[in-house]
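Take a look at the structure set out below.
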2 protein chains.
Amino acid sequence: MGEPPENFSMVWKGIYRSGFPARRNLPFLRTIGVRSVLCLCPEEYPDSSLAFFESNGIALIQHGMDGNKAPDDRTGAFMAPEIVARAIGVLLDESTHPVLIHCNQGKHRTGCLVGCLRKVQRWSSVATFEEYRRFAGAKARLVDLQFIELFDTATALQPPQRANSRPSGKLLAQSELSDGRQPPTARQAAASGPGATAAA
Amino acid sequence: MGEPPENFSMVWKGIYRSGFPARRNLPFLRTIGVRSVLCLCPEEYPDSSLAFFESNGIALIQHGMDGNKAPDDRTGAFMAPEIVARAIGVLLDESTHPVLIHCNQGKHRTGCLVGCLRKVQRWSSVATFEEYRRFAGAKARLVDLQFIELFDTATALQPPQRANSRPSGKLLAQSELSDGRQPPTARQAAASGPGATAAA
């Protein structure tokens with residue numbers, strides 16, 4: 001039986017999202033042919049999952065960060081836009097596809113990343129925020145919506161920093177078509193910076 | 001700018017879902033290359049949308065039905081499993097892809113259809129019901145969950161009734177892989193019955 005991870009969904013061709021995949025969800029990732037896992041948590045990855053990834057040729061790409069906290073939260077961490085930009089670079093690089101984005105619950109960090117991706121795709125804010133709320137439910141955070149609103153998509157569309165990166169024409173074609181304009185550096189795109197580690 | 005319809009999401013490769021596409025959402029459907037629209041509402045389709053579909057080569061496939069009503073609702077309509085089975089046949093037929101499923105809000109009828117599709121894909125009930133609730137939110141109906149639970153997937157996997165139907169191997173491959181069993185008649189599948197009308 002297929003047991004997708006919590007909050008699992010398809011984001012776009014070749015891109016999935018979810019909460020942290022539990023051990024019992026790993027076979028499902030194999031059935032959908034996941035080639036890379038983009039983890040947004042800074043913590044070390046469980047050994048048993050690493051072994052599964054390795055034996056199934058799945059690359060682990062970790063761009064770990066803390067989620068946005070409400071302004072009145074004393075621990076007040078905020079997500080780093082440059083890490084989000086790098087994570088978008090991973091998504092734009094078709095050689096990583098099919099890729100699964102996940103954080104812990106698949107609500108906040110994942111929701112922010114997908115929200116910023118929708119900006120790159122030039123989705124309306126209404127649709128972008130609705131999608132964020134669909135996954136965050138009662139745990140929706142205004143700081144996350146603000147983060148998405150303020151995110152500068154130009155930082156996610158820098159020229160490639162890796163020789164073998166392949167920008168996702170399919171993904172960006174949508175935004176180009178939607179208003180007829182060509183995004184400035186999109187076709188050359190797919191920023192991928194330091195912090196990426198491959199388990200396989 | 002991309003303006004997806006309300007409750008828009010990707011269901012699977014080549015399958016999207018949403019609420020009723022408003023006029024302002026039609027250009028978005030073109031950008032994602034929609035080839036067919038599977039409408040679950042029984043009402044007549046707006047003329048302006050029909051004209052748009054026709055000029056963009058989009059086929060309208062209508063399997064209209066009323067949604068499930070709560071048992072204490074005097075008007076008490078219930079969805080017809082055989083119409084849902086036919087609608088699944090449309091989804092399994094790759095020649096319709098990319099296809100957009102929609103009803104009015106993209107919550108109940110669409111949620112039931114996608115839930116039944118997840119059964120065909122052999123997803124766990126937990127994941128299937130979680131997905132239903134994600135789109136229905138506060139409007140979730142227990143009768144819908146019950147409908148999904150009682151739906152007999154065998155009815156959706158009848159041999160094809162159309163010469164040119166092409167079953168979606170990609171879609172069913174997942175369920176085959178997930179527990180190693182071959183679904184009985186899946187590979188020959190894609191039931192498509194009366195009620196289908198093509199606008200283009």
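In the structure tokens, chains take letters A, B, ... by order of appearance, with residues numbered from 1 within each chain and ligands from 1 in the order shown.
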Considering only C-alpha atoms, tabulate each residue of chain A that lies at most 8 Å from chain B along with its nearest interatomic pair and the corresponding distance in Å to one decimal; arrange the rows by chain and ascending residue number and present them as a tab-separated table.
```
residue	atom	partner	partner_atom	distance
A:Met1	CA	B:Arg122	CA	5.4
A:Gly2	CA	B:Trp123	CA	4.3
A:Glu3	CA	B:Ser124	CA	5.4
A:Pro4	CA	B:Ala127	CA	6.4
A:Pro5	CA	B:Ala127	CA	7.8
A:Glu6	CA	B:Ala127	CA	7.1
A:Asn7	CA	B:Glu131	CA	7.6
A:Phe8	CA	B:Ala127	CA	7.9
A:Ser9	CA	B:Val11	CA	7.5
A:Met10	CA	B:Met10	CA	5.7
A:Val11	CA	B:Met10	CA	6.3
A:Trp12	CA	B:Met10	CA	6.6
A:Lys13	CA	B:Lys13	CA	6.7
A:Pro27	CA	B:Ser178	CA	7.3
A:Phe28	CA	B:Ser178	CA	6.6
A:Thr31	CA	B:Gln174	CA	5.4
A:Ile32	CA	B:Gln174	CA	6.3
A:Gln121	CA	B:Gly2	CA	7.5
A:Arg122	CA	B:Met1	CA	5.4
A:Trp123	CA	B:Gly2	CA	4.3
A:Ser124	CA	B:Glu3	CA	5.4
A:Ala127	CA	B:Pro4	CA	6.5
A:Glu130	CA	B:Asn7	CA	7.6
A:Glu131	CA	B:Asn7	CA	7.6
A:Arg134	CA	B:Arg134	CA	5.8
A:Phe135	CA	B:Arg134	CA	6.7
A:Gly137	CA	B:Arg134	CA	7.9
A:Gln174	CA	B:Thr31	CA	5.4
A:Ser175	CA	B:Gly2	CA	6.9
A:Leu177	CA	B:Thr31	CA	5.8
A:Ser178	CA	B:Gly2	CA	5.4
A:Asp179	CA	B:Met1	CA	5.5
```
Run DSSP on the backbone and grab whatever in range 74-112 of chain A lands in alpha helix (DSSP H); send it over as an mmCIF file with all heavy atoms, in the first residue's frame.
```cif
data_model
loop_
_atom_site.group_PDB
_atom_site.id
_atom_site.type_symbol
_atom_site.label_atom_id
_atom_site.label_comp_id
_atom_site.auth_asym_id
_atom_site.auth_seq_id
_atom_site.Cartn_x
_atom_site.Cartn_y
_atom_site.Cartn_z
ATOM 1 N N PRO A 81 16.812 34.410 3.194
ATOM 2 C CA PRO A 81 16.374 34.416 1.793
ATOM 3 C C PRO A 81 17.397 33.798 0.858
ATOM 4 O O PRO A 81 17.033 33.182 -0.149
ATOM 5 C CB PRO A 81 16.196 35.917 1.488
ATOM 6 C CG PRO A 81 16.037 36.574 2.812
ATOM 7 C CD PRO A 81 16.811 35.762 3.792
ATOM 8 N N GLU A 82 18.693 33.922 1.206
ATOM 9 C CA GLU A 82 19.715 33.375 0.286
ATOM 10 C C GLU A 82 19.700 31.850 0.287
ATOM 11 O O GLU A 82 19.993 31.221 -0.729
ATOM 12 C CB GLU A 82 21.113 33.936 0.593
ATOM 13 C CG GLU A 82 21.612 33.750 2.001
ATOM 14 C CD GLU A 82 21.158 34.862 2.961
ATOM 15 O OE1 GLU A 82 20.213 35.614 2.622
ATOM 16 O OE2 GLU A 82 21.753 34.950 4.058
ATOM 17 N N ILE A 83 19.331 31.265 1.425
ATOM 18 C CA ILE A 83 19.226 29.796 1.435
ATOM 19 C C ILE A 83 18.002 29.367 0.621
ATOM 20 O O ILE A 83 18.040 28.398 -0.129
ATOM 21 C CB ILE A 83 19.150 29.250 2.882
ATOM 22 C CG1 ILE A 83 20.409 29.659 3.659
ATOM 23 C CG2 ILE A 83 19.005 27.726 2.876
ATOM 24 C CD1 ILE A 83 20.486 29.085 5.071
ATOM 25 N N VAL A 84 16.912 30.121 0.761
ATOM 26 C CA VAL A 84 15.716 29.826 -0.027
ATOM 27 C C VAL A 84 16.024 29.961 -1.521
ATOM 28 O O VAL A 84 15.599 29.129 -2.333
ATOM 29 C CB VAL A 84 14.543 30.749 0.380
ATOM 30 C CG1 VAL A 84 13.347 30.555 -0.544
ATOM 31 C CG2 VAL A 84 14.148 30.478 1.819
ATOM 32 N N ALA A 85 16.794 30.987 -1.869
ATOM 33 C CA ALA A 85 17.166 31.188 -3.280
ATOM 34 C C ALA A 85 17.956 29.987 -3.787
ATOM 35 O O ALA A 85 17.731 29.507 -4.904
ATOM 36 C CB ALA A 85 17.976 32.471 -3.436
ATOM 37 N N ARG A 86 18.865 29.468 -2.948
ATOM 38 C CA ARG A 86 19.658 28.306 -3.352
ATOM 39 C C ARG A 86 18.765 27.080 -3.505
ATOM 40 O O ARG A 86 18.935 26.285 -4.433
ATOM 41 C CB ARG A 86 20.728 28.005 -2.292
ATOM 42 C CG ARG A 86 22.038 28.700 -2.600
ATOM 43 C CD ARG A 86 23.087 28.258 -1.576
ATOM 44 N NE ARG A 86 23.601 29.390 -0.846
ATOM 45 C CZ ARG A 86 23.790 29.455 0.465
ATOM 46 N NH1 ARG A 86 23.479 28.426 1.229
ATOM 47 N NH2 ARG A 86 24.273 30.543 1.012
ATOM 48 N N ALA A 87 17.802 26.954 -2.578
ATOM 49 C CA ALA A 87 16.871 25.818 -2.657
ATOM 50 C C ALA A 87 16.046 25.895 -3.943
ATOM 51 O O ALA A 87 15.787 24.875 -4.593
ATOM 52 C CB ALA A 87 15.963 25.805 -1.433
ATOM 53 N N ILE A 88 15.654 27.097 -4.336
ATOM 54 C CA ILE A 88 14.920 27.250 -5.598
ATOM 55 C C ILE A 88 15.814 26.849 -6.762
ATOM 56 O O ILE A 88 15.355 26.222 -7.727
ATOM 57 C CB ILE A 88 14.387 28.693 -5.754
ATOM 58 C CG1 ILE A 88 13.229 28.904 -4.775
ATOM 59 C CG2 ILE A 88 13.923 28.956 -7.190
ATOM 60 C CD1 ILE A 88 12.636 30.288 -4.788
ATOM 61 N N GLY A 89 17.103 27.160 -6.647
ATOM 62 C CA GLY A 89 18.059 26.727 -7.667
ATOM 63 C C GLY A 89 18.029 25.219 -7.845
ATOM 64 O O GLY A 89 18.079 24.717 -8.976
ATOM 65 N N VAL A 90 17.912 24.496 -6.731
ATOM 66 C CA VAL A 90 17.834 23.031 -6.795
ATOM 67 C C VAL A 90 16.574 22.614 -7.550
ATOM 68 O O VAL A 90 16.601 21.713 -8.389
ATOM 69 C CB VAL A 90 17.829 22.421 -5.374
ATOM 70 C CG1 VAL A 90 17.569 20.929 -5.422
ATOM 71 C CG2 VAL A 90 19.145 22.721 -4.663
ATOM 72 N N LEU A 91 15.455 23.295 -7.272
ATOM 73 C CA LEU A 91 14.182 22.947 -7.911
ATOM 74 C C LEU A 91 14.192 23.257 -9.410
ATOM 75 O O LEU A 91 13.554 22.568 -10.208
ATOM 76 C CB LEU A 91 13.024 23.696 -7.246
ATOM 77 C CG LEU A 91 12.866 23.503 -5.733
ATOM 78 C CD1 LEU A 91 11.689 24.317 -5.210
ATOM 79 C CD2 LEU A 91 12.685 22.025 -5.392
ATOM 80 N N LEU A 92 14.922 24.326 -9.765
ATOM 81 C CA LEU A 92 14.974 24.725 -11.182
ATOM 82 C C LEU A 92 15.912 23.831 -11.981
ATOM 83 O O LEU A 92 15.895 23.854 -13.220
ATOM 84 C CB LEU A 92 15.434 26.186 -11.307
ATOM 85 C CG LEU A 92 14.522 27.265 -10.734
ATOM 86 C CD1 LEU A 92 15.135 28.643 -10.942
ATOM 87 C CD2 LEU A 92 13.149 27.203 -11.373
ATOM 88 N N ARG A 109 8.481 25.980 6.573
ATOM 89 C CA ARG A 109 9.644 26.180 5.713
ATOM 90 C C ARG A 109 9.335 25.728 4.290
ATOM 91 O O ARG A 109 9.619 26.441 3.322
ATOM 92 C CB ARG A 109 10.858 25.428 6.288
ATOM 93 C CG ARG A 109 11.445 26.139 7.487
ATOM 94 C CD ARG A 109 12.416 25.260 8.252
ATOM 95 N NE ARG A 109 11.709 24.244 9.046
ATOM 96 C CZ ARG A 109 12.301 23.493 9.980
ATOM 97 N NH1 ARG A 109 13.600 23.623 10.219
ATOM 98 N NH2 ARG A 109 11.600 22.625 10.670
ATOM 99 N N THR A 110 8.708 24.556 4.189
ATOM 100 C CA THR A 110 8.322 24.053 2.858
ATOM 101 C C THR A 110 7.313 24.999 2.209
ATOM 102 O O THR A 110 7.398 25.305 1.016
ATOM 103 C CB THR A 110 7.740 22.629 2.982
ATOM 104 O OG1 THR A 110 8.757 21.770 3.522
ATOM 105 C CG2 THR A 110 7.293 22.091 1.640
ATOM 106 N N GLY A 111 6.361 25.476 3.021
ATOM 107 C CA GLY A 111 5.350 26.406 2.503
ATOM 108 C C GLY A 111 5.972 27.692 2.006
ATOM 109 O O GLY A 111 5.559 28.239 0.974
ATOM 110 N N CYS A 112 6.989 28.190 2.726
ATOM 111 C CA CYS A 112 7.680 29.418 2.291
ATOM 112 C C CYS A 112 8.433 29.173 0.989
ATOM 113 O O CYS A 112 8.366 29.989 0.065
ATOM 114 C CB CYS A 112 8.664 29.899 3.368
ATOM 115 S SG CYS A 112 7.846 30.690 4.762
#
```
Exercise for the section: Give me, please, the distance in Å between CA of Ala156 in chain A and CA of Ala140 in chain A, quoted to one decimal. Expected result: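 Interatomic distance here is 24.1 Å.
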